[in-house]
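Student: As input, take my_file-v2.cif (mmCIF, C-alpha atoms):
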```cif
data_input
#
loop_
_atom_site.label_atom_id
_atom_site.label_comp_id
_atom_site.auth_asym_id
_atom_site.auth_seq_id
_atom_site.Cartn_x
_atom_site.Cartn_y
_atom_site.Cartn_z
CA MET A 2 -28.04 -48.07 -14.28
CA ASN A 3 -26.45 -50.33 -11.71
CA LEU A 4 -25.04 -49.34 -8.31
CA VAL A 5 -21.52 -48.64 -9.57
CA ASP A 6 -22.80 -46.51 -12.46
CA ASP A 7 -24.98 -44.49 -10.08
CA PHE A 8 -22.06 -44.16 -7.65
CA LEU A 9 -19.87 -42.73 -10.40
CA GLU A 10 -22.64 -40.48 -11.69
CA TYR A 11 -24.09 -38.96 -8.54
CA GLN A 12 -21.71 -39.28 -5.57
CA ALA A 13 -18.74 -36.93 -5.22
CA LYS A 14 -15.43 -38.76 -5.12
CA THR A 15 -11.99 -38.04 -3.65
CA THR A 16 -9.96 -39.23 -6.67
CA PRO A 17 -10.67 -39.87 -10.36
CA TYR A 18 -10.14 -43.59 -9.79
CA PRO A 19 -12.19 -44.96 -6.88
CA LEU A 20 -12.19 -48.71 -6.37
CA GLY A 21 -15.96 -48.74 -6.78
CA ILE A 22 -16.66 -52.15 -5.23
CA PRO A 23 -20.48 -52.46 -4.91
CA ILE A 24 -21.02 -53.48 -1.28
CA ASP A 25 -23.81 -55.79 -0.23
CA LYS A 26 -22.92 -56.68 3.36
CA ALA A 27 -20.00 -56.99 5.79
CA GLN A 28 -19.53 -59.29 8.76
CA GLY A 29 -16.54 -59.85 11.01
CA SER A 30 -13.34 -59.65 8.94
CA TYR A 31 -15.11 -60.01 5.58
CA ILE A 32 -16.88 -57.75 3.09
CA TYR A 33 -19.22 -59.10 0.37
CA ASP A 34 -20.05 -57.38 -2.90
CA THR A 35 -23.38 -57.47 -4.73
CA GLN A 36 -22.13 -60.35 -6.92
CA GLY A 37 -21.45 -62.48 -3.85
CA LYS A 38 -17.66 -62.13 -3.97
CA LYS A 39 -16.01 -62.35 -0.54
CA TYR A 40 -13.11 -60.11 0.48
CA LEU A 41 -10.90 -60.54 3.54
CA ASP A 42 -10.53 -57.05 4.98
CA PHE A 43 -6.97 -56.14 6.00
CA VAL A 44 -7.85 -52.42 6.17
CA ALA A 45 -10.91 -52.23 8.49
CA GLY A 46 -12.23 -48.99 7.05
CA VAL A 47 -8.76 -47.41 7.40
CA SER A 48 -8.45 -48.49 11.05
CA ALA A 49 -12.04 -47.47 11.87
CA CYS A 50 -13.66 -50.88 12.37
CA SER A 51 -11.72 -51.95 15.46
CA LEU A 52 -13.92 -54.97 16.09
CA GLY A 53 -14.56 -55.79 12.46
CA HIS A 54 -17.89 -55.37 10.74
CA CYS A 55 -21.22 -55.52 12.58
CA HIS A 56 -19.81 -56.79 15.87
CA PRO A 57 -22.84 -58.16 17.76
CA LYS A 58 -22.21 -56.13 20.93
CA VAL A 59 -21.91 -52.91 18.95
CA VAL A 60 -25.03 -53.69 16.91
CA ALA A 61 -26.96 -54.53 20.09
CA ALA A 62 -25.94 -51.24 21.70
CA ILE A 63 -27.05 -49.30 18.62
CA GLU A 64 -30.41 -51.09 18.44
CA ALA A 65 -31.11 -50.58 22.13
CA GLN A 66 -30.31 -46.86 21.98
CA ILE A 67 -32.33 -46.21 18.82
CA LYS A 68 -35.40 -47.50 20.65
CA ARG A 69 -34.85 -44.99 23.50
CA TYR A 70 -33.90 -41.76 21.72
CA MET A 71 -31.62 -40.47 18.99
CA HIS A 72 -30.80 -36.79 18.57
CA VAL A 73 -32.41 -34.59 21.22
CA MET A 74 -30.24 -31.46 21.57
CA VAL A 75 -26.99 -29.89 20.43
CA TYR A 76 -23.84 -30.99 22.23
CA GLY A 77 -23.31 -29.98 25.83
CA GLU A 78 -26.84 -28.99 26.87
CA PHE A 79 -28.65 -32.19 27.92
CA ALA A 80 -27.24 -34.96 30.09
CA GLN A 81 -27.45 -38.06 27.88
CA GLU A 82 -26.47 -41.38 29.41
CA PRO A 83 -24.46 -42.87 26.50
CA ALA A 84 -22.27 -39.78 26.07
CA VAL A 85 -21.72 -39.32 29.81
CA ALA A 86 -20.87 -43.00 30.29
CA LEU A 87 -18.45 -42.89 27.33
CA CYS A 88 -16.63 -39.83 28.67
CA LYS A 89 -16.41 -41.35 32.15
CA ALA A 90 -15.04 -44.63 30.78
CA LEU A 91 -12.45 -42.76 28.70
CA VAL A 92 -11.30 -40.68 31.67
CA ASP A 93 -10.81 -43.90 33.64
CA LEU A 94 -8.41 -45.11 30.92
CA LEU A 95 -6.53 -41.82 30.52
CA PRO A 96 -3.69 -40.32 32.58
CA SER A 97 -4.64 -38.27 35.62
CA ASN A 98 -4.19 -34.96 33.80
CA HIS A 99 -7.05 -35.86 31.45
CA GLU A 100 -10.25 -35.24 33.38
CA SER A 101 -12.61 -34.03 30.65
CA VAL A 102 -13.59 -35.26 27.18
CA TYR A 103 -15.18 -33.28 24.35
CA LEU A 104 -17.03 -35.54 21.88
CA THR A 105 -17.07 -34.58 18.21
CA ASN A 106 -18.30 -35.95 14.88
CA SER A 107 -14.88 -36.94 13.57
CA GLY A 108 -11.16 -36.93 14.21
CA THR A 109 -10.60 -33.88 12.07
CA GLU A 110 -13.19 -31.91 14.06
CA ALA A 111 -11.40 -33.00 17.22
CA ILE A 112 -8.15 -31.61 15.78
CA GLU A 113 -9.92 -28.31 15.13
CA GLY A 114 -11.14 -28.20 18.73
CA ALA A 115 -7.70 -29.07 20.07
CA LEU A 116 -6.07 -26.25 18.07
CA LYS A 117 -8.62 -23.76 19.37
CA LEU A 118 -8.13 -24.95 22.93
CA ALA A 119 -4.34 -24.60 22.69
CA LYS A 120 -4.62 -21.05 21.37
CA ARG A 121 -7.18 -20.13 24.01
CA ALA A 122 -5.06 -21.63 26.82
CA THR A 123 -1.73 -20.08 25.85
CA GLY A 124 -2.74 -16.83 24.17
CA ARG A 125 -0.30 -17.76 21.41
CA ALA A 126 -0.83 -18.52 17.73
CA GLU A 127 2.26 -20.40 16.49
CA ILE A 128 1.70 -24.12 15.92
CA PHE A 129 4.32 -26.73 15.07
CA ALA A 130 3.49 -29.88 13.09
CA ALA A 131 5.62 -32.51 11.38
CA HIS A 132 6.59 -32.89 7.76
CA TYR A 133 4.47 -35.62 6.11
CA ALA A 134 1.83 -35.30 8.83
CA TYR A 135 -1.85 -36.01 8.27
CA HIS A 136 -4.46 -34.73 10.73
CA GLY A 137 -7.59 -34.41 8.58
CA SER A 138 -8.88 -32.26 5.73
CA THR A 139 -10.78 -29.32 7.22
CA GLN A 140 -8.94 -26.04 6.84
CA GLY A 141 -7.26 -26.00 10.24
CA ALA A 142 -6.27 -29.65 9.98
CA LEU A 143 -5.22 -29.12 6.36
CA SER A 144 -2.91 -26.34 7.53
CA LEU A 145 -1.02 -29.01 9.51
CA TRP A 146 -0.50 -31.28 6.50
CA GLY A 147 3.18 -31.77 5.99
CA THR A 148 3.17 -31.61 2.17
CA GLU A 149 2.63 -28.44 0.18
CA THR A 150 1.17 -30.27 -2.84
CA GLN A 151 -2.04 -30.95 -0.90
CA LYS A 152 -2.36 -27.40 0.39
CA GLN A 153 -1.46 -25.05 -2.42
CA ALA A 154 -4.87 -25.21 -4.15
CA PHE A 155 -6.64 -24.12 -0.94
CA ARG A 156 -4.47 -21.30 0.37
CA PRO A 157 -4.63 -19.04 2.29
CA LEU A 158 -4.81 -21.39 5.28
CA LEU A 159 -4.03 -20.83 8.97
CA PRO A 160 -1.08 -18.51 9.53
CA GLY A 161 1.67 -19.31 12.01
CA ILE A 162 2.08 -23.00 11.15
CA ARG A 163 5.68 -24.24 11.18
CA PHE A 164 7.12 -27.67 10.48
CA ILE A 165 9.77 -29.93 11.95
CA ASP A 166 10.98 -33.38 10.93
CA PHE A 167 9.56 -36.26 12.95
CA ASN A 168 12.21 -38.02 15.05
CA VAL A 169 14.77 -35.21 14.58
CA ALA A 170 15.40 -33.92 18.10
CA ASP A 171 17.90 -31.26 16.98
CA GLN A 172 15.05 -29.22 15.53
CA LEU A 173 13.14 -28.90 18.80
CA GLU A 174 14.98 -25.68 19.69
CA GLN A 175 12.70 -23.99 17.14
CA ILE A 176 9.86 -24.40 19.65
CA THR A 177 9.87 -21.22 21.75
CA THR A 178 7.77 -19.08 24.06
CA LYS A 179 5.86 -17.96 20.95
CA THR A 180 4.59 -21.50 20.40
CA ALA A 181 1.05 -22.43 21.43
CA ALA A 182 1.30 -26.13 20.67
CA VAL A 183 3.15 -28.92 18.95
CA VAL A 184 0.82 -31.33 17.13
CA LEU A 185 2.17 -34.78 16.33
CA GLU A 186 0.77 -38.16 15.41
CA THR A 187 2.03 -40.58 18.06
CA ILE A 188 2.83 -42.87 15.12
CA GLN A 189 2.90 -41.13 11.75
CA GLY A 190 0.27 -42.65 9.48
CA GLY A 191 0.46 -41.31 5.95
CA ALA A 192 4.24 -41.01 6.16
CA GLY A 193 4.60 -44.79 6.36
CA PHE A 194 3.65 -45.85 9.91
CA ILE A 195 6.74 -44.20 11.39
CA VAL A 196 7.26 -44.90 15.10
CA PRO A 197 9.02 -42.46 17.43
CA GLU A 198 12.65 -43.35 18.18
CA SER A 199 15.30 -42.49 20.79
CA ASP A 200 12.83 -41.04 23.33
CA TYR A 201 11.72 -38.51 20.74
CA LEU A 202 8.30 -37.87 22.29
CA LYS A 203 9.86 -37.42 25.74
CA LYS A 204 12.17 -34.79 24.25
CA VAL A 205 9.25 -33.01 22.58
CA LYS A 206 7.28 -33.03 25.84
CA ALA A 207 10.26 -31.66 27.77
CA ARG A 208 10.75 -28.86 25.26
CA CYS A 209 7.05 -27.95 25.40
CA GLU A 210 7.16 -27.80 29.19
CA ALA A 211 10.29 -25.64 29.10
CA VAL A 212 8.65 -22.96 26.93
CA GLY A 213 5.04 -23.25 28.09
CA ALA A 214 3.70 -24.82 24.90
CA LEU A 215 1.15 -27.63 24.86
CA LEU A 216 1.74 -31.07 23.36
CA ILE A 217 -1.19 -32.33 21.28
CA LEU A 218 -0.96 -35.99 20.29
CA ASP A 219 -3.11 -37.25 17.46
CA GLU A 220 -4.18 -40.85 18.16
CA ILE A 221 -7.00 -40.89 15.62
CA GLN A 222 -5.37 -43.92 14.03
CA PRO A 223 -3.09 -45.60 16.62
CA GLY A 224 -5.51 -45.14 19.54
CA PHE A 225 -8.15 -47.53 20.86
CA GLY A 226 -5.82 -50.50 21.06
CA ARG A 227 -4.39 -50.62 17.55
CA THR A 228 -0.82 -50.97 18.82
CA GLY A 229 -1.57 -53.02 21.96
CA PRO A 230 -2.16 -50.61 24.86
CA PHE A 231 -5.32 -48.57 24.74
CA PHE A 232 -3.38 -45.52 23.58
CA ALA A 233 -0.10 -45.66 21.70
CA PHE A 234 1.56 -42.95 23.80
CA GLU A 235 1.60 -45.47 26.66
CA HIS A 236 4.52 -47.15 24.86
CA TYR A 237 6.64 -44.03 25.23
CA GLY A 238 6.32 -42.95 28.86
CA ILE A 239 4.65 -39.58 28.36
CA SER A 240 1.26 -37.95 28.64
CA PRO A 241 0.10 -35.26 26.18
CA ASP A 242 -1.60 -32.07 27.31
CA ILE A 243 -4.37 -32.66 24.76
CA LEU A 244 -5.19 -36.03 23.20
CA VAL A 245 -7.15 -36.39 19.96
CA MET A 246 -9.11 -39.58 19.18
CA GLY A 247 -11.31 -40.87 16.37
CA LYS A 248 -11.60 -43.67 13.80
CA GLY A 249 -11.50 -46.92 15.80
CA MET A 250 -13.42 -45.58 18.81
CA GLY A 251 -16.78 -45.75 17.02
CA GLY A 252 -16.99 -49.42 16.09
CA GLY A 253 -17.59 -48.33 12.50
CA LEU A 254 -19.67 -45.20 13.17
CA PRO A 255 -18.37 -41.61 12.77
CA VAL A 256 -16.95 -40.18 15.98
CA GLY A 257 -14.05 -38.21 17.41
CA ALA A 258 -12.99 -36.69 20.71
CA PHE A 259 -10.32 -34.63 22.39
CA SER A 260 -9.43 -34.80 26.06
CA SER A 261 -7.51 -32.62 28.47
CA SER A 262 -7.55 -31.35 32.03
CA LYS A 263 -10.74 -29.84 33.34
CA THR A 264 -8.85 -26.57 33.88
CA LEU A 265 -8.03 -26.35 30.19
CA MET A 266 -11.33 -27.69 28.87
CA THR A 267 -13.46 -25.20 30.81
CA LEU A 268 -11.79 -22.42 28.81
CA LEU A 269 -14.10 -23.36 25.93
CA GLU A 270 -17.15 -22.60 28.07
CA ASP A 271 -16.75 -18.85 28.44
CA HIS A 272 -15.01 -15.76 27.04
CA PRO A 273 -16.51 -16.48 24.57
CA LYS A 274 -19.33 -18.84 25.36
CA LEU A 275 -19.66 -21.60 22.75
CA GLY A 276 -15.90 -21.69 22.31
CA HIS A 277 -16.44 -24.92 20.41
CA ILE A 278 -19.88 -26.11 19.39
CA THR A 279 -21.24 -29.05 17.41
CA THR A 280 -24.77 -30.23 16.68
CA PHE A 281 -24.22 -33.97 16.47
CA GLY A 282 -21.06 -34.48 18.54
CA GLY A 283 -21.88 -36.88 21.36
CA ASN A 284 -24.88 -38.26 19.46
CA PRO A 285 -26.39 -40.91 21.75
CA VAL A 286 -26.52 -43.68 19.14
CA ILE A 287 -22.89 -43.16 18.17
CA ALA A 288 -21.85 -42.79 21.81
CA ALA A 289 -23.58 -46.09 22.60
CA ALA A 290 -21.66 -47.80 19.78
CA SER A 291 -18.41 -46.24 20.97
CA LEU A 292 -19.00 -47.27 24.57
CA ALA A 293 -19.72 -50.85 23.50
CA THR A 294 -16.50 -50.82 21.47
CA LEU A 295 -14.52 -49.44 24.40
CA LYS A 296 -15.88 -52.03 26.81
CA GLU A 297 -15.14 -54.93 24.46
CA LEU A 298 -11.59 -53.71 23.87
CA ARG A 299 -11.04 -52.97 27.57
CA ASP A 300 -12.54 -56.17 28.97
CA GLY A 301 -12.08 -58.68 26.16
CA PRO A 302 -8.97 -60.58 25.09
CA HIS A 303 -8.18 -58.59 21.96
CA LEU A 304 -5.56 -56.11 23.17
CA LYS A 305 -3.60 -58.86 24.91
CA GLU A 306 -3.29 -60.60 21.54
CA ILE A 307 -2.04 -57.64 19.48
CA GLU A 308 1.67 -58.29 19.99
CA GLU A 309 1.29 -61.98 19.12
CA LYS A 310 -0.63 -61.08 15.95
CA GLU A 311 2.02 -58.54 14.95
CA ILE A 312 4.70 -61.21 15.35
CA LEU A 313 2.65 -63.56 13.17
CA PHE A 314 2.26 -60.94 10.43
CA ARG A 315 5.99 -60.23 10.44
CA LYS A 316 6.78 -63.96 10.30
CA LEU A 317 4.38 -64.69 7.45
CA LEU A 318 5.36 -61.66 5.36
CA LYS A 319 9.02 -62.44 4.90
CA HIS A 320 9.44 -62.14 1.13
CA PRO A 321 12.21 -60.98 -1.22
CA LYS A 322 9.99 -58.20 -2.58
CA ILE A 323 9.25 -56.81 0.91
CA GLU A 324 12.19 -54.65 1.98
CA ARG A 325 10.98 -54.13 5.55
CA ILE A 326 7.79 -53.80 7.60
CA GLN A 327 7.21 -50.49 9.38
CA GLY A 328 4.76 -49.74 12.16
CA LYS A 329 3.62 -51.29 15.41
CA GLY A 330 0.89 -53.66 16.56
CA LEU A 331 -1.79 -54.03 13.90
CA MET A 332 -0.71 -50.81 12.19
CA LEU A 333 1.79 -52.30 9.73
CA ALA A 334 3.23 -51.17 6.40
CA PRO A 335 5.23 -53.60 4.28
CA ILE A 336 7.54 -51.47 2.12
CA LEU A 337 8.15 -52.63 -1.45
CA SER A 338 10.88 -51.53 -3.84
CA ARG A 339 8.86 -49.03 -5.88
CA PRO A 340 5.39 -47.40 -5.96
CA GLU A 341 4.35 -49.13 -9.20
CA LEU A 342 4.80 -52.54 -7.57
CA ALA A 343 2.71 -51.47 -4.58
CA ASP A 344 -0.08 -50.37 -6.94
CA GLN A 345 0.02 -53.70 -8.75
CA VAL A 346 -0.01 -55.70 -5.51
CA ILE A 347 -2.95 -53.82 -4.00
CA LEU A 348 -5.07 -54.16 -7.14
CA GLU A 349 -4.22 -57.82 -7.77
CA CYS A 350 -4.84 -58.72 -4.11
CA LEU A 351 -8.26 -57.11 -4.50
CA ASN A 352 -8.90 -59.32 -7.51
CA GLN A 353 -7.96 -62.34 -5.41
CA GLY A 354 -10.19 -61.38 -2.47
CA LEU A 355 -7.87 -59.46 -0.12
CA ILE A 356 -8.39 -55.78 0.69
CA LEU A 357 -5.20 -53.78 1.15
CA PHE A 358 -4.82 -50.03 0.64
CA TRP A 359 -2.35 -47.22 0.07
CA LEU A 360 -0.72 -44.75 2.46
CA LEU A 361 -0.81 -41.05 1.64
CA TRP A 362 2.86 -40.16 1.30
CA GLU A 363 4.82 -43.41 1.34
CA LYS A 364 3.83 -44.73 -2.07
CA ARG A 365 5.84 -47.97 -1.71
CA ALA A 366 3.75 -49.07 1.27
CA LEU A 367 0.93 -51.56 1.62
CA ARG A 368 -1.51 -50.61 4.37
CA ILE A 369 -2.29 -53.42 6.81
CA SER A 370 -4.67 -52.31 9.56
CA PRO A 371 -7.13 -55.18 10.05
CA PRO A 372 -9.81 -55.57 12.72
CA LEU A 373 -8.15 -56.01 16.11
CA ASN A 374 -10.15 -59.20 16.65
CA ILE A 375 -9.01 -60.77 13.38
CA SER A 376 -8.25 -64.47 13.89
CA LYS A 377 -4.87 -66.08 13.34
CA ASN A 378 -6.41 -68.25 10.62
CA GLU A 379 -7.61 -65.11 8.83
CA ILE A 380 -4.16 -63.56 9.14
CA GLU A 381 -2.67 -66.69 7.58
CA GLU A 382 -5.30 -66.67 4.82
CA GLY A 383 -4.59 -63.06 3.89
CA CYS A 384 -0.81 -63.39 4.07
CA ASP A 385 -1.02 -66.45 1.79
CA ILE A 386 -2.84 -64.35 -0.80
CA LEU A 387 -0.34 -61.50 -0.47
CA ARG A 388 2.69 -63.78 -0.82
CA ARG A 389 1.12 -65.51 -3.83
CA VAL A 390 0.53 -62.18 -5.54
CA LEU A 391 4.10 -61.07 -4.82
CA ASP A 392 5.32 -64.31 -6.39
CA GLN A 393 3.13 -63.80 -9.46
CA LEU A 394 4.30 -60.22 -10.00
#
```
Hey, can you dump this file as structure tokens for me?

Tutor:
Amino acid sequence: MNLVDDFLEYQAKTTPYPLGIPIDKAQGSYIYDTQGKKYLDFVAGVSACSLGHCHPKVVAAIEAQIKRYMHVMVYGEFAQEPAVALCKALVDLLPSNHESVYLTNSGTEAIEGALKLAKRATGRAEIFAAHYAYHGSTQGALSLWGTETQKQAFRPLLPGIRFIDFNVADQLEQITTKTAAVVLETIQGGAGFIVPESDYLKKVKARCEAVGALLILDEIQPGFGRTGPFFAFEHYGISPDILVMGKGMGGGLPVGAFSSSKTLMTLLEDHPKLGHITTFGGNPVIAAASLATLKELRDGPHLKEIEEKEILFRKLLKHPKIERIQGKGLMLAPILSRPELADQVILECLNQGLILFWLLWEKRALRISPPLNISKNEIEEGCDILRRVLDQL
């Protein structure tokens, strides 16, 4: 049996129809299959590979750390240089009310920790999320999903979860003194890369402050420079009470984190002790990769170029079959006329050597979330393929 046959036989899948490309290697903005076919990657592991594949500084950090030590103790017991340095560097980039960082294995685990922290801090249980939200697939995060079709097979889930429409300020009066937290993606991902409008996040923050609820912003996807600034909330003039991170912070390795004030975060230390615990969160090899990613994004030229690259994408993707392009920075979603056309475009682009992908709820969308260090020539190459496919279809 070949690799694809074994993949289909032995590895659990998430859908009946995985793409099943047999991967040989990946470098920069390109992925190569076992037959030697080259694919330009406009998805970057669903926003996870911020610096593309096998960035030399990330690889060097991983190799150096592996030679020193790997796993030595569960999270929070030993002082390990990579994790400490990563937390310190993050705090330096965060607003002044974020003094402490909890490192996790993934974004969805960070969401779980953030929910627990909000309940512990407020003594309340009601949580608000947005329709068409996506925050992960563990049971707490799944409870926040804004579509019932994904949840009904797994109920009962967390009680006390209520939903509002993103960007609809009139609904914020539903947030009351019973509310522990409001959890929102700074930019909605699965819904179609929907950006906040008309000072919406400022209005949410003001309502939370008025009733003593906490604002949790999920930057698992738009964080770590994907929209230009290091965190997307910087566009909107607010600071969350709890910030959730993941995906792009690991340079391609699995990682997540949530940050808050030291006053809030210390609540997880006692009453009860082990308020949140993880074996591999803060793993030194992954922390080293994440720190190298952070430093390259912070000190390199990439974030300064995001706006210019967005403008280039929007210029090159003017086409009669593209109704509009949603999103911000290098988190873009061309919207086509119907879902069937989007399916055809994604699959034919794959045949022609360009990796695009779907969004969860907006079925007319094409996901474009390339490495942040993608070159302008690579952007032109990929957009040429996409336009050619649109013409052919």

Student: Going by the chain IDs and residue numbers used in this file, which residues fall under the PyMOL selection byres ((chain A and resi 315) around 10)? Write them as an MDAnalysis selection string.

Tutor: chainID A and resid 310:314 316:319 325:327 333 335 384

Student: With only C-alpha atoms as the basis for distance, which of A:Ser101, A:Gln172, A:Gln345, A:Thr180 is at the shortest distance from A:Thr123?

Tutor: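 Residue with the minimum atom-to-atom distance to A:Thr123: A:Thr180.
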
Student: Quick one: residues within 8 Å of A:Leu218, only C-alpha atoms, excluding same-chain residues fewer than 6 positions away - as a list of chain:residue names?

Tutor: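 Once the nearby chain positions are removed, what remains is A:Val184, A:Leu185, A:Glu186, A:Thr187, A:Pro241, A:Ile243, A:Leu244, A:Val245.
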
Student: List the spatial neighbours of stretch 196-207 of chain A as a PyMOL selection string - criterion: any atom at most 12 Å away, all atoms listed in the file, same-chain residues fewer than 4 positions off excluded.

Tutor: chain A and resi 129-131+165-177+182-192+211-218+223+228+233-243+326-330+332-334

Student: If the PyMOL selection byres ((chain A and resi 372-381) around 8) is run on the structure shown, which residues does it catch, given as a ChimeraX atom specification?

Tutor: /A:29-30,41-45,48,50-53,226-227,303-304,307,310,313-314,317,331,370-371,382-385

Student: Have a look at A:Phe231, A:Phe194, A:Phe8, A:Tyr103 and name the one nearest to A:Ile278; count all atoms listed in the file.

Tutor: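 Ranked by minimum distance to A:Ile278, first place goes to A:Tyr103.
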
Student: Might you spell out which residues the PyMOL selection byres ((chain A and resi 360-365) around 10) would select in the displayed file, as a ChimeraX atom specification?

Tutor: /A:47,133-135,147-148,190-194,323-324,334-344,358-359,366-369

Student: Would you compute the distance between atom CA of A:Arg163 and atom CA of A:Gly114? Give it in Å to one decimal.

Tutor: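 Going from atom CA of A:Arg163 over to atom CA of A:Gly114, I get 18.9 Å.
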
Student: When you count only C-alpha atoms, which of these residues is closest to A:Ala90: A:Ile195, A:Leu295, A:Val73, A:Leu275?

Tutor: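 That would be A:Leu295, the residue with the smallest distance to A:Ala90.
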
Student: Which polymer residues have any atom within 8 Å of an atom of A:Gly108, counting all atoms listed in the file, with same-chain residues fewer than 2 positions away left out, as a PDB file with C-alpha atoms, keeping the file's coordinate frame?

Tutor:
```pdb
ATOM      1  CA  THR A 105     -17.070 -34.580  18.210  1.00  0.00           C
ATOM      2  CA  ASN A 106     -18.300 -35.950  14.880  1.00  0.00           C
ATOM      3  CA  GLU A 110     -13.190 -31.910  14.060  1.00  0.00           C
ATOM      4  CA  ALA A 111     -11.400 -33.000  17.220  1.00  0.00           C
ATOM      5  CA  ILE A 112      -8.150 -31.610  15.780  1.00  0.00           C
ATOM      6  CA  HIS A 136      -4.460 -34.730  10.730  1.00  0.00           C
ATOM      7  CA  GLY A 137      -7.590 -34.410   8.580  1.00  0.00           C
ATOM      8  CA  ILE A 221      -7.000 -40.890  15.620  1.00  0.00           C
ATOM      9  CA  VAL A 245      -7.150 -36.390  19.960  1.00  0.00           C
ATOM     10  CA  MET A 246      -9.110 -39.580  19.180  1.00  0.00           C
ATOM     11  CA  GLY A 247     -11.310 -40.870  16.370  1.00  0.00           C
ATOM     12  CA  LYS A 248     -11.600 -43.670  13.800  1.00  0.00           C
ATOM     13  CA  VAL A 256     -16.950 -40.180  15.980  1.00  0.00           C
ATOM     14  CA  GLY A 257     -14.050 -38.210  17.410  1.00  0.00           C
ATOM     15  CA  ALA A 258     -12.990 -36.690  20.710  1.00  0.00           C
TER      16      ALA A 258
END
```

Student: Pick from A:Leu254, A:Ala62, A:Val75, A:Leu4: nearest to A:Ala49, with all atoms listed in the file counted?

Tutor: A:Leu254

Student: Enclose the full set of atoms of stretch 210-225 of chain A listed in the file within a box whose edges lie along x, y and z, apply 6 Å of padding to each of the six sides, and report centre and edge lengths in Å to one decimal as AutoDock Vina command-line options.

Tutor:
```
--center_x 1.1 --center_y -35.2 --center_z 21.6 --size_x 30.4 --size_y 36.6 --size_z 27.2
```

Student: Between atom CA of A:Met266 and atom CA of A:Leu298, what is the distance in Å, rounded to a tenth?

Tutor: 26.5 Å

Student: At a cut-off of 8 Å, using all atoms listed in the file, what residues contact A:Leu158? Leave out same-chain residues fewer than 4 positions from it and give the result as a JSON list (two decimals) with C-alpha atoms, keeping the file's coordinate frame.

Tutor:
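Below is the file that was written, selection.json:
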```json
[["chain", "number", "residue", "atom", "x", "y", "z"],
["A", 140, "GLN", "CA", -8.94, -26.04, 6.84],
["A", 141, "GLY", "CA", -7.26, -26.00, 10.24],
["A", 143, "LEU", "CA", -5.22, -29.12, 6.36],
["A", 144, "SER", "CA", -2.91, -26.34, 7.53]]
```

Student: Atom CA of A:Glu220 and atom CA of A:Pro302, how far apart in Å?

Tutor: 21.5 Å

Student: Excluding stretch 55-61 of chain A and any residue of its chain fewer than 4 positions from it, enumerate the residues within 7 Å of it, using all atoms listed in the file, and give them as an mmCIF file with C-alpha atoms, in the coordinates of the input.

Tutor:
```cif
data_model
loop_
_atom_site.group_PDB
_atom_site.id
_atom_site.type_symbol
_atom_site.label_atom_id
_atom_site.label_comp_id
_atom_site.auth_asym_id
_atom_site.auth_seq_id
_atom_site.Cartn_x
_atom_site.Cartn_y
_atom_site.Cartn_z
ATOM 1 C CA GLN A 28 -19.530 -59.290 8.760
ATOM 2 C CA GLY A 29 -16.540 -59.850 11.010
ATOM 3 C CA ALA A 65 -31.110 -50.580 22.130
ATOM 4 C CA GLY A 252 -16.990 -49.420 16.090
ATOM 5 C CA ALA A 290 -21.660 -47.800 19.780
ATOM 6 C CA ALA A 293 -19.720 -50.850 23.500
ATOM 7 C CA THR A 294 -16.500 -50.820 21.470
#
```
